[in-house]
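The next block is upload.cif, given as mmCIF, C-alpha atoms and all ligand atoms.
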data_structure
#
loop_
_atom_site.label_atom_id
_atom_site.label_comp_id
_atom_site.auth_asym_id
_atom_site.auth_seq_id
_atom_site.Cartn_x
_atom_site.Cartn_y
_atom_site.Cartn_z
CA MET A 1 19.04 -26.27 24.51
CA SER A 2 16.56 -23.69 23.34
CA LYS A 3 13.86 -24.61 20.81
CA LYS A 4 13.95 -22.59 17.61
CA LEU A 5 10.91 -21.41 15.67
CA LEU A 6 11.83 -19.77 12.37
CA ILE A 7 9.20 -17.92 10.32
CA ILE A 8 9.96 -16.86 6.75
CA GLY A 9 8.00 -13.77 5.64
CA SER A 10 7.19 -10.56 7.51
CA GLY A 11 3.70 -10.08 6.07
CA THR A 12 0.28 -10.71 7.60
CA ALA A 13 0.68 -14.40 8.40
CA GLY A 14 4.36 -14.26 9.43
CA LEU A 15 3.79 -11.41 11.92
CA MET A 16 0.63 -12.95 13.34
CA VAL A 17 2.16 -16.39 13.94
CA ALA A 18 5.25 -14.84 15.58
CA ASN A 19 3.23 -12.53 17.81
CA LEU A 20 0.61 -15.11 18.78
CA VAL A 21 3.30 -17.63 19.79
CA ALA A 22 5.42 -15.02 21.60
CA ARG A 23 2.42 -13.74 23.59
CA GLN A 24 1.42 -17.23 24.71
CA LEU A 25 5.00 -18.16 25.61
CA ARG A 26 6.09 -14.83 27.09
CA GLY A 27 8.25 -16.36 29.87
CA PRO A 28 10.16 -18.97 27.81
CA VAL A 29 10.69 -16.40 25.02
CA ALA A 30 12.01 -13.82 27.47
CA HIS A 31 14.41 -16.41 28.94
CA ARG A 32 15.49 -17.55 25.45
CA ASP A 33 14.30 -21.11 26.16
CA ILE A 34 12.27 -20.65 23.01
CA GLU A 35 13.64 -18.50 20.19
CA VAL A 36 11.15 -16.97 17.78
CA THR A 37 12.76 -15.48 14.66
CA VAL A 38 11.13 -13.77 11.69
CA LEU A 39 13.19 -13.74 8.50
CA GLY A 40 11.82 -11.13 6.10
CA GLU A 41 13.14 -9.57 2.92
CA ARG A 42 11.32 -6.32 3.76
CA ASP A 43 11.67 -4.32 6.95
CA GLU A 44 8.46 -2.47 6.21
CA TYR A 45 4.95 -3.93 6.36
CA VAL A 46 2.43 -2.55 3.85
CA TYR A 47 -1.34 -3.02 4.31
CA GLN A 48 -2.40 -4.29 0.89
CA PRO A 49 -6.20 -3.84 1.16
CA GLY A 50 -5.46 -0.10 1.29
CA PHE A 51 -4.25 -0.12 -2.35
CA LEU A 52 -7.86 0.00 -3.53
CA TYR A 53 -8.36 3.33 -1.76
CA VAL A 54 -4.99 4.70 -2.91
CA ALA A 55 -6.07 4.11 -6.53
CA PHE A 56 -9.17 6.25 -5.99
CA ASP A 57 -7.15 8.92 -4.21
CA LEU A 58 -8.95 8.26 -0.93
CA TRP A 59 -5.89 7.24 1.11
CA GLU A 60 -2.26 8.28 1.16
CA PRO A 61 0.45 5.56 0.98
CA ASP A 62 2.02 6.57 4.30
CA SER A 63 -1.08 5.46 6.19
CA LEU A 64 -0.47 1.89 4.95
CA ARG A 65 3.12 1.48 6.09
CA ARG A 66 4.69 0.44 9.40
CA LYS A 67 8.17 -0.72 10.33
CA VAL A 68 8.22 -4.50 10.91
CA ALA A 69 10.23 -4.01 14.09
CA ASP A 70 7.40 -1.88 15.52
CA LEU A 71 4.86 -4.64 14.91
CA LEU A 72 6.68 -7.49 16.64
CA SER A 73 6.10 -8.61 20.22
CA PRO A 74 8.96 -8.26 22.71
CA GLY A 75 11.47 -11.08 22.38
CA VAL A 76 10.85 -11.84 18.71
CA ARG A 77 14.05 -11.48 16.68
CA PHE A 78 13.80 -9.93 13.21
CA VAL A 79 16.38 -10.83 10.55
CA HIS A 80 16.12 -8.52 7.56
CA ASP A 81 17.27 -10.79 4.74
CA ARG A 82 15.89 -12.95 1.97
CA ALA A 83 15.54 -16.74 2.36
CA GLU A 84 17.15 -18.38 -0.66
CA ARG A 85 17.01 -22.07 0.19
CA ILE A 86 15.46 -24.37 2.77
CA ASP A 87 17.42 -27.52 3.60
CA ALA A 88 14.76 -29.71 5.21
CA ALA A 89 17.23 -32.50 6.08
CA ALA A 90 19.62 -30.13 7.87
CA GLN A 91 16.72 -28.08 9.32
CA SER A 92 18.28 -24.86 8.12
CA VAL A 93 17.61 -21.90 5.85
CA THR A 94 20.30 -20.03 3.93
CA THR A 95 19.85 -16.38 3.11
CA ARG A 96 20.90 -13.99 0.38
CA THR A 97 23.74 -12.59 2.50
CA GLY A 98 25.04 -16.09 3.29
CA GLN A 99 23.64 -16.54 6.79
CA THR A 100 22.47 -20.00 7.85
CA LEU A 101 19.58 -20.11 10.30
CA GLN A 102 18.76 -23.37 12.10
CA TYR A 103 15.25 -24.31 13.12
CA ASP A 104 13.30 -26.95 15.01
CA TYR A 105 10.03 -25.74 13.48
CA LEU A 106 9.74 -23.78 10.26
CA VAL A 107 6.79 -21.66 9.12
CA ILE A 108 6.71 -20.52 5.50
CA ALA A 109 4.64 -17.33 5.12
CA THR A 110 6.03 -15.93 1.89
CA GLY A 111 2.71 -14.80 0.38
CA SER A 112 1.98 -14.45 -3.32
CA GLN A 113 3.20 -12.07 -5.98
CA LEU A 114 2.20 -10.83 -9.42
CA ASN A 115 3.40 -12.68 -12.50
CA LEU A 116 3.81 -9.76 -14.90
CA THR A 117 5.49 -11.71 -17.69
CA GLU A 118 2.91 -14.45 -18.33
CA ILE A 119 0.69 -12.22 -20.50
CA PRO A 120 2.60 -10.45 -23.31
CA GLY A 121 1.98 -6.70 -23.33
CA LEU A 122 0.62 -6.58 -19.78
CA GLU A 123 3.36 -4.42 -18.28
CA GLU A 124 3.18 -1.87 -21.11
CA GLY A 125 -0.57 -1.90 -21.73
CA ALA A 126 -2.27 -2.42 -18.38
CA HIS A 127 -2.69 -0.81 -14.99
CA TRP A 128 -3.19 -2.69 -11.72
CA PHE A 129 -3.85 -1.85 -8.09
CA TYR A 130 -2.26 -5.01 -6.60
CA THR A 131 0.99 -3.26 -5.65
CA LEU A 132 1.47 0.15 -4.06
CA GLU A 133 3.43 1.40 -7.09
CA GLY A 134 0.68 0.10 -9.40
CA ALA A 135 -2.06 1.76 -7.34
CA LEU A 136 -0.21 5.10 -7.44
CA ARG A 137 0.25 4.86 -11.21
CA LEU A 138 -3.43 3.99 -11.65
CA ARG A 139 -4.38 6.94 -9.44
CA GLU A 140 -2.64 9.27 -11.91
CA ALA A 141 -4.33 7.57 -14.87
CA LEU A 142 -7.75 7.96 -13.22
CA LYS A 143 -7.12 11.64 -12.57
CA SER A 144 -6.82 12.23 -16.30
CA PHE A 145 -9.60 9.82 -17.35
CA GLU A 146 -12.39 11.86 -18.87
CA GLY A 147 -14.55 9.02 -20.18
CA GLY A 148 -14.14 6.14 -22.64
CA ARG A 149 -13.84 2.37 -22.33
CA LEU A 150 -12.70 1.08 -18.92
CA VAL A 151 -11.94 -2.63 -18.96
CA LEU A 152 -11.32 -4.61 -15.76
CA SER A 153 -9.84 -8.00 -16.62
CA VAL A 154 -9.21 -10.76 -14.09
CA GLY A 155 -6.36 -13.29 -14.30
CA ILE A 156 -6.14 -16.34 -12.03
CA PRO A 157 -5.05 -17.34 -9.49
CA HIS A 158 -5.03 -14.07 -7.56
CA LYS A 159 -5.33 -12.91 -3.96
CA CYS A 160 -8.38 -11.21 -2.49
CA PRO A 161 -10.89 -12.73 -4.92
CA VAL A 162 -13.46 -10.01 -4.30
CA ALA A 163 -11.19 -6.99 -4.92
CA PRO A 164 -11.91 -6.91 -8.71
CA VAL A 165 -15.67 -6.82 -7.98
CA GLU A 166 -15.06 -4.04 -5.45
CA PHE A 167 -12.96 -2.01 -7.89
CA THR A 168 -15.61 -2.28 -10.61
CA MET A 169 -18.42 -1.01 -8.39
CA MET A 170 -16.25 1.69 -6.82
CA PHE A 171 -15.26 2.83 -10.30
CA ASP A 172 -18.92 3.01 -11.35
CA ASP A 173 -19.73 5.24 -8.33
CA TRP A 174 -16.58 7.29 -8.89
CA ALA A 175 -17.44 7.91 -12.56
CA ARG A 176 -20.98 8.96 -11.59
CA ALA A 177 -19.65 11.34 -8.92
CA ARG A 178 -17.34 12.91 -11.51
CA GLY A 179 -20.18 13.26 -14.00
CA ILE A 180 -18.48 11.11 -16.67
CA ARG A 181 -20.45 7.87 -16.30
CA GLU A 182 -22.62 8.58 -19.35
CA LYS A 183 -19.57 8.80 -21.58
CA THR A 184 -17.95 5.76 -20.01
CA GLU A 185 -18.40 2.09 -20.90
CA ILE A 186 -17.37 -0.42 -18.23
CA THR A 187 -16.51 -4.03 -19.13
CA TYR A 188 -15.59 -6.71 -16.59
CA THR A 189 -14.00 -9.92 -17.88
CA TYR A 190 -13.66 -13.18 -15.92
CA PRO A 191 -11.99 -16.50 -16.86
CA VAL A 192 -14.80 -18.96 -16.03
CA ALA A 193 -18.49 -19.31 -16.97
CA ARG A 194 -19.74 -16.77 -14.41
CA PRO A 195 -18.41 -13.46 -13.07
CA HIS A 196 -16.89 -15.02 -9.91
CA THR A 197 -15.74 -18.45 -8.76
CA ILE A 198 -17.92 -18.26 -5.61
CA ALA A 199 -21.51 -18.90 -6.79
CA SER A 200 -23.27 -16.41 -4.49
CA VAL A 201 -20.76 -13.65 -5.34
CA ALA A 202 -21.23 -14.44 -9.05
CA ASP A 203 -25.03 -14.07 -8.69
CA PHE A 204 -24.59 -10.86 -6.72
CA ALA A 205 -22.14 -9.38 -9.28
CA ASP A 206 -24.39 -10.43 -12.15
CA ARG A 207 -27.36 -8.59 -10.63
CA GLU A 208 -25.42 -5.50 -9.52
CA PHE A 209 -23.40 -5.11 -12.71
CA THR A 210 -26.47 -5.53 -14.91
CA ALA A 211 -28.38 -2.91 -12.88
CA ARG A 212 -25.42 -0.50 -13.24
CA GLY A 213 -25.00 -1.06 -16.99
CA ILE A 214 -21.65 -2.86 -16.63
CA GLU A 215 -20.86 -5.35 -19.40
CA ILE A 216 -19.73 -8.83 -18.32
CA GLU A 217 -17.52 -11.05 -20.52
CA THR A 218 -17.18 -14.57 -19.13
CA PHE A 219 -14.89 -17.37 -20.39
CA PHE A 220 -12.29 -14.67 -20.92
CA ASN A 221 -8.70 -15.68 -20.18
CA MET A 222 -6.24 -12.91 -20.98
CA ASP A 223 -3.92 -13.99 -23.78
CA SER A 224 -2.06 -10.83 -24.80
CA ILE A 225 -2.37 -7.09 -24.85
CA ASP A 226 -1.72 -4.85 -27.83
CA ALA A 227 -0.51 -1.81 -25.89
CA GLN A 228 -0.20 0.36 -29.03
CA GLY A 229 -3.60 -0.48 -30.50
CA LYS A 230 -5.20 -0.71 -27.02
CA VAL A 231 -6.84 -4.07 -27.54
CA LEU A 232 -7.03 -6.95 -25.06
CA HIS A 233 -7.07 -10.43 -26.64
CA SER A 234 -8.43 -13.52 -24.90
CA GLN A 235 -7.37 -17.15 -25.34
CA GLU A 236 -10.97 -17.83 -26.36
CA GLY A 237 -10.59 -15.50 -29.38
CA THR A 238 -12.45 -12.42 -28.11
CA ASP A 239 -10.96 -8.94 -28.68
CA VAL A 240 -11.87 -6.12 -26.32
CA PRO A 241 -10.75 -2.56 -27.15
CA TYR A 242 -10.05 -0.25 -24.21
CA ASP A 243 -9.02 3.26 -23.30
CA LEU A 244 -8.00 2.32 -19.76
CA LEU A 245 -7.23 -1.29 -18.90
CA VAL A 246 -7.08 -2.39 -15.26
CA ALA A 247 -5.82 -5.97 -15.02
CA ILE A 248 -5.57 -8.37 -12.12
CA PRO A 249 -2.31 -10.12 -13.15
CA PRO A 250 -2.13 -13.86 -12.40
CA HIS A 251 -0.22 -14.62 -9.20
CA MET A 252 2.53 -17.07 -8.27
CA GLY A 253 4.39 -18.07 -5.12
CA ASP A 254 7.93 -16.97 -4.25
CA THR A 255 10.75 -18.91 -5.97
CA LEU A 256 12.11 -20.12 -2.61
CA GLY A 257 9.85 -23.18 -2.70
CA ALA A 258 11.05 -24.32 -6.11
CA ALA A 259 14.71 -23.61 -5.23
CA SER A 260 14.28 -25.85 -2.17
CA GLY A 261 12.42 -28.66 -3.96
CA LEU A 262 9.39 -28.11 -1.72
CA ALA A 263 6.84 -26.28 -3.87
CA GLU A 264 4.70 -27.45 -6.75
CA LYS A 265 3.28 -25.81 -9.89
CA GLY A 266 2.98 -22.05 -9.49
CA ASN A 267 5.45 -22.19 -6.56
CA TRP A 268 2.63 -23.08 -4.13
CA TYR A 269 3.46 -25.39 -1.21
CA PRO A 270 1.52 -28.67 -0.96
CA THR A 271 -0.15 -28.04 2.39
CA ASP A 272 -2.45 -30.11 4.57
CA ARG A 273 -5.66 -28.08 4.70
CA ASN A 274 -6.27 -28.75 8.41
CA LEU A 275 -2.85 -28.95 10.10
CA LEU A 276 -1.03 -26.73 7.55
CA ARG A 277 1.92 -29.13 7.34
CA VAL A 278 3.95 -29.06 4.13
CA GLY A 279 4.13 -32.42 2.35
CA ALA A 280 5.23 -35.21 4.67
CA TYR A 281 7.26 -32.92 6.95
CA LYS A 282 6.15 -32.82 10.57
CA ASN A 283 8.12 -29.68 11.41
CA ILE A 284 7.47 -27.51 8.32
CA PHE A 285 4.25 -25.53 7.96
CA ALA A 286 2.89 -23.11 5.36
CA VAL A 287 0.38 -20.37 6.07
CA GLY A 288 -1.34 -17.57 4.16
CA ASP A 289 -1.28 -17.02 0.40
CA THR A 290 1.62 -19.39 -0.27
CA THR A 291 -0.27 -22.65 0.35
CA ASN A 292 -2.08 -24.68 -2.29
CA ILE A 293 -5.16 -25.00 -0.04
CA PRO A 294 -8.36 -24.46 -2.08
CA VAL A 295 -9.47 -21.41 -0.15
CA SER A 296 -9.29 -17.68 -0.95
CA LYS A 297 -5.86 -16.09 -0.75
CA ALA A 298 -6.89 -13.40 1.73
CA GLY A 299 -5.67 -11.63 4.83
CA SER A 300 -8.54 -13.08 6.83
CA VAL A 301 -7.52 -16.61 5.80
CA ALA A 302 -3.94 -15.82 6.81
CA HIS A 303 -5.33 -14.57 10.14
CA PHE A 304 -7.54 -17.60 10.93
CA GLU A 305 -4.86 -20.06 9.79
CA SER A 306 -2.28 -18.25 11.95
CA GLU A 307 -4.44 -18.63 15.08
CA VAL A 308 -4.71 -22.40 14.54
CA LEU A 309 -1.05 -22.82 13.67
CA ALA A 310 0.14 -20.72 16.63
CA ASP A 311 -1.86 -22.87 19.05
CA ASN A 312 -0.34 -26.03 17.56
CA LEU A 313 3.17 -24.56 17.65
CA VAL A 314 2.80 -23.64 21.32
CA GLY A 315 2.12 -27.32 22.08
CA LEU A 316 5.01 -28.53 19.95
CA LEU A 317 7.48 -26.00 21.37
CA THR A 318 6.60 -26.55 25.02
CA ASP A 319 6.16 -30.31 25.37
CA GLY A 320 6.21 -31.77 21.86
CA ARG A 321 2.40 -32.16 21.90
CA GLU A 322 0.98 -33.37 18.58
CA PRO A 323 -1.05 -30.65 16.79
CA GLY A 324 -4.65 -30.81 17.97
CA HIS A 325 -6.19 -27.75 16.34
CA ALA A 326 -7.50 -27.86 12.79
CA TYR A 327 -8.06 -25.04 10.31
CA THR A 328 -11.59 -25.39 8.94
CA GLY A 329 -11.40 -23.11 5.90
CA ARG A 330 -12.69 -20.07 7.78
CA ALA A 331 -12.67 -16.85 5.73
CA PHE A 332 -14.27 -13.43 5.98
CA CYS A 333 -14.13 -10.78 3.26
CA PHE A 334 -15.71 -7.36 3.18
CA ILE A 335 -16.91 -6.28 -0.27
CA GLU A 336 -17.11 -2.57 -1.06
CA THR A 337 -20.12 -2.19 -3.37
CA GLY A 338 -19.34 1.42 -4.24
CA LEU A 339 -17.91 4.42 -2.44
CA GLU A 340 -20.53 4.49 0.33
CA GLN A 341 -21.83 0.94 0.82
CA ALA A 342 -20.46 -2.53 1.41
CA THR A 343 -21.40 -6.12 2.10
CA TYR A 344 -19.37 -9.18 3.16
CA ILE A 345 -19.00 -12.94 2.82
CA SER A 346 -18.19 -15.36 5.61
CA PHE A 347 -17.58 -19.05 4.93
CA ASP A 348 -15.55 -22.20 5.57
CA PHE A 349 -14.89 -25.52 3.82
CA ALA A 350 -18.36 -26.84 4.69
CA HIS A 351 -20.46 -23.68 4.45
CA PRO A 352 -20.46 -21.57 1.28
CA PRO A 353 -21.28 -17.89 1.79
CA THR A 354 -24.38 -15.84 1.13
CA VAL A 355 -24.16 -12.13 0.32
CA PRO A 356 -26.17 -9.84 2.64
CA THR A 357 -27.81 -6.68 1.30
CA PRO A 358 -25.16 -3.92 1.11
CA SER A 359 -25.40 -1.12 3.65
CA ARG A 360 -23.60 2.00 4.78
CA SER A 361 -22.98 0.49 8.20
CA ILE A 362 -21.03 -2.45 6.71
CA HIS A 363 -18.97 0.05 4.71
CA LEU A 364 -18.19 1.96 7.93
CA PHE A 365 -17.34 -1.34 9.63
CA LYS A 366 -14.82 -2.11 6.86
CA GLN A 367 -13.33 1.38 7.14
CA THR A 368 -12.97 0.92 10.90
CA TYR A 369 -11.29 -2.45 10.48
CA ASN A 370 -8.88 -0.91 7.97
CA ARG A 371 -7.77 1.54 10.67
CA ILE A 372 -7.38 -0.97 13.49
CA HIS A 373 -5.98 -4.05 11.76
CA TRP A 374 -2.54 -3.21 13.23
CA ALA A 375 -3.86 -4.54 16.53
CA ASN A 376 -4.66 -7.82 14.78
CA LEU A 377 -1.11 -8.13 13.49
CA LYS A 378 0.27 -7.48 16.95
CA ALA A 379 -2.13 -10.14 18.29
CA VAL A 380 -3.60 -7.78 20.86
CA MET A 381 -7.19 -7.96 19.53
C1 LIG A 401 -5.54 -4.75 -3.56
C2 LIG A 401 -5.65 -5.79 -2.48
C3 LIG A 401 -6.78 -5.81 -1.66
C4 LIG A 401 -6.90 -6.76 -0.68
N1 LIG A 401 -8.01 -6.73 0.13
C5 LIG A 401 -8.17 -7.67 1.08
C6 LIG A 401 -9.30 -7.64 1.94
O1 LIG A 401 -10.15 -6.74 1.86
N2 LIG A 401 -9.43 -8.63 2.85
C7 LIG A 401 -8.51 -9.65 2.97
O2 LIG A 401 -8.69 -10.54 3.81
N3 LIG A 401 -7.41 -9.69 2.18
C8 LIG A 401 -7.21 -8.73 1.25
N4 LIG A 401 -6.09 -8.76 0.44
C9 LIG A 401 -5.17 -9.91 0.50
C10 LIG A 401 -4.17 -9.86 1.65
O3 LIG A 401 -3.44 -8.66 1.64
C11 LIG A 401 -3.22 -11.05 1.51
O4 LIG A 401 -3.98 -12.23 1.28
C12 LIG A 401 -2.38 -11.22 2.77
O5 LIG A 401 -1.49 -10.13 2.90
C13 LIG A 401 -1.62 -12.54 2.72
O6 LIG A 401 -0.74 -12.63 3.81
P1 LIG A 401 0.63 -13.45 3.67
O7 LIG A 401 1.30 -13.30 4.97
O8 LIG A 401 0.35 -14.79 3.13
O9 LIG A 401 1.44 -12.69 2.54
P2 LIG A 401 2.02 -11.20 2.59
O10 LIG A 401 1.27 -10.37 3.56
O11 LIG A 401 2.08 -10.75 1.17
O12 LIG A 401 3.50 -11.37 3.16
C14 LIG A 401 4.48 -12.15 2.56
C15 LIG A 401 5.84 -11.62 2.98
O13 LIG A 401 6.84 -12.57 2.71
C16 LIG A 401 7.98 -11.89 2.19
N5 LIG A 401 8.79 -12.86 1.44
C17 LIG A 401 8.45 -13.51 0.29
N6 LIG A 401 9.44 -14.34 -0.08
C18 LIG A 401 10.43 -14.20 0.85
C19 LIG A 401 11.70 -14.83 1.01
N7 LIG A 401 12.15 -15.72 0.15
N8 LIG A 401 12.46 -14.47 2.07
C20 LIG A 401 12.01 -13.54 2.97
N9 LIG A 401 10.80 -12.94 2.88
C21 LIG A 401 10.03 -13.27 1.83
C22 LIG A 401 7.36 -10.79 1.32
O14 LIG A 401 8.27 -9.78 1.03
C23 LIG A 401 6.22 -10.35 2.23
O15 LIG A 401 6.67 -9.37 3.14
C24 LIG A 401 -5.90 -7.76 -0.52
C25 LIG A 401 -4.76 -7.73 -1.32
C26 LIG A 401 -4.63 -6.76 -2.29
C27 LIG A 401 -3.38 -6.72 -3.15
#

Here is a file; write its structure as structure tokens.
Amino acid sequence: MSKKLLIIGSGTAGLMVANLVARQLRGPVAHRDIEVTVLGERDEYVYQPGFLYVAFDLWEPDSLRRKVADLLSPGVRFVHDRAERIDAAAQSVTTRTGQTLQYDYLVIATGSQLNLTEIPGLEEGAHWFYTLEGALRLREALKSFEGGRLVLSVGIPHKCPVAPVEFTMMFDDWARARGIREKTEITYTYPVARPHTIASVADFADREFTARGIEIETFFNMDSIDAQGKVLHSQEGTDVPYDLLVAIPPHMGDTLGAASGLAEKGNWYPTDRNLLRVGAYKNIFAVGDTTNIPVSKAGSVAHFESEVLADNLVGLLTDGREPGHAYTGRAFCFIETGLEQATYISFDFAHPPTVPTPSRSIHLFKQTYNRIHWANLKAVM
């Protein structure tokens, strides 16, 4: 009897786990002794970090897209369908079209998505760059922006915690390059007492924003948006008028977890932070944005978690070996600090990050990574 590994989600984590396992178990996968299946609702992969550049008209959408089938290692089966319910007792997943897929080991890699209904007025009154469609719409709005009040407002939780800081500094550079900075006010709002949850990033943003004349509003949790009057209201009672509002909508997990009785508040899966097991299940794992692990929801986290999980799955699939590799909270995020410079943070559960001095070479390093990350997904790097 073949062993079945089923992975739900054809994004960063889902593709990496599938490819890493299939490459290590090339023979058994080729002989169908081990079946690796990816179940994904989309047959196209889109590189989300590229949305930032699409918004500033620096990249075209086509450069961000690849067919899922072209990114999978030989032997990995792709089922283009949506998972509707996991039956942990029966070790099966039912799909939108009525298929039932059995598994011995299940990996949930369903990511995170925007909650556009939590804040009244958000859809009508705000722009965002957290989807490709949103980034394209914002690109058009920026083309016709000739100065005024730009407000960047952050909702939590959200993926890529540094992207709002990046957007703000890129916008500042962009407005200077267009010669409209002097007639533009920039305000950045953040929900807690400082401009970022990570202390060193908060200190860095505080210094950089102040030097660039960017206003910071802390303790600002978006409450509602008056799209007609162009005013953003906070739960704390502050009103901020705007001409162009760029919001980071709060995120939530996919509804699959709630429909299956496996996820908790926000649709996040209760996940062991080292072994990535879901709840008390020994054969169900979560990876990437969809976990409730207190670490950034980022592609790099999905990557490092996938490496650990794949190694553990190889042991389980071949001889039932207990997982021996632990995820340690490793994360790495580049931070664009404008259009020409960047810095980065690197950290894990035990070691908070520092922020190196921004440089052009780090910016070029990020640009290079953006072009070659496909190799990462295919697990050939
Ligand atoms: C603007 C922006 C900038 C970013 N910049 C960076 C950066 O610089 N560095 C960094 O590390 N990260 C960055 N990120 C974050 C990064 O893209 C995500 O953290 C990463 O993609 C998470 O991987 P994932 O596999 O968990 O989720 P995803 O890659 O989102 O994949 C989840 C997949 O699961 C599918 N799915 C969901 N539910 C179901 C279901 N029920 N059935 C079947 N399929 C389902 C989805 O359709 C999707 O294809 C950025 C994100 C954005 C939006």

| query | Smallest atom-to-atom distance to ligand LIG 401 (chain A): which of A:Leu6, A:Leu58, A:Ala177, A:Cys333, using all atoms listed in the file? | reply | A:Cys333

| Neighbour list for Glu217 (chain A) as a ChimeraX atom specification, cut-off 10 Å, only C-alpha atoms, skip fewer than 5 positions in-chain | /A:153,187-195,238,240

| said: Which residue is closest to ligand LIG 401 (chain A)? Choose from A:Glu236, A:Asp243, A:Glu307, A:Glu41 and count only C-alpha atoms and all ligand atoms. | reply: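 Once distances to ligand LIG 401 (chain A) are computed over only C-alpha atoms and all ligand atoms, the minimum belongs to A:Glu41.
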
Residue contacts of region 281-291 of chain A (8 Å, only C-alpha atoms) excluding same-chain residues fewer than 6 positions away, as a compact mmCIF listing (two decimals) with C-alpha atoms, keeping the file's coordinate frame:
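part.txt, freshly written:
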# COMPACT_ATOMS: atom_id res chain seq x y z
CA THR A 12 0.28 -10.71 7.60
CA ALA A 13 0.68 -14.40 8.40
CA ASP A 104 13.30 -26.95 15.01
CA TYR A 105 10.03 -25.74 13.48
CA LEU A 106 9.74 -23.78 10.26
CA VAL A 107 6.79 -21.66 9.12
CA ILE A 108 6.71 -20.52 5.50
CA ALA A 109 4.64 -17.33 5.12
CA THR A 110 6.03 -15.93 1.89
CA GLY A 111 2.71 -14.80 0.38
CA SER A 112 1.98 -14.45 -3.32
CA LYS A 159 -5.33 -12.91 -3.96
CA GLY A 253 4.39 -18.07 -5.12
CA ASP A 254 7.93 -16.97 -4.25
CA ASN A 267 5.45 -22.19 -6.56
CA TRP A 268 2.63 -23.08 -4.13
CA TYR A 269 3.46 -25.39 -1.21
CA PRO A 270 1.52 -28.67 -0.96
CA THR A 271 -0.15 -28.04 2.39
CA LYS A 297 -5.86 -16.09 -0.75
CA ALA A 298 -6.89 -13.40 1.73
CA GLY A 299 -5.67 -11.63 4.83
CA VAL A 301 -7.52 -16.61 5.80
CA ALA A 302 -3.94 -15.82 6.81
CA HIS A 303 -5.33 -14.57 10.14
CA GLU A 305 -4.86 -20.06 9.79
CA SER A 306 -2.28 -18.25 11.95

| field | Residue nearest ligand LIG 401 (chain A) among A:Arg212, A:Lys183, A:Arg85, A:Arg360 (counting only C-alpha atoms and all ligand atoms) | value |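 Between A:Arg212, A:Lys183, A:Arg85, A:Arg360, the residue approaching ligand LIG 401 (chain A) most closely is A:Arg85.
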
| query | Between A:Val295, A:Leu5, A:Leu316, A:Leu132, which is the closest to Pro161 (chain A) once you count all atoms listed in the file? | reply |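 Closest to Pro161 (chain A) of all the choices is A:Val295.
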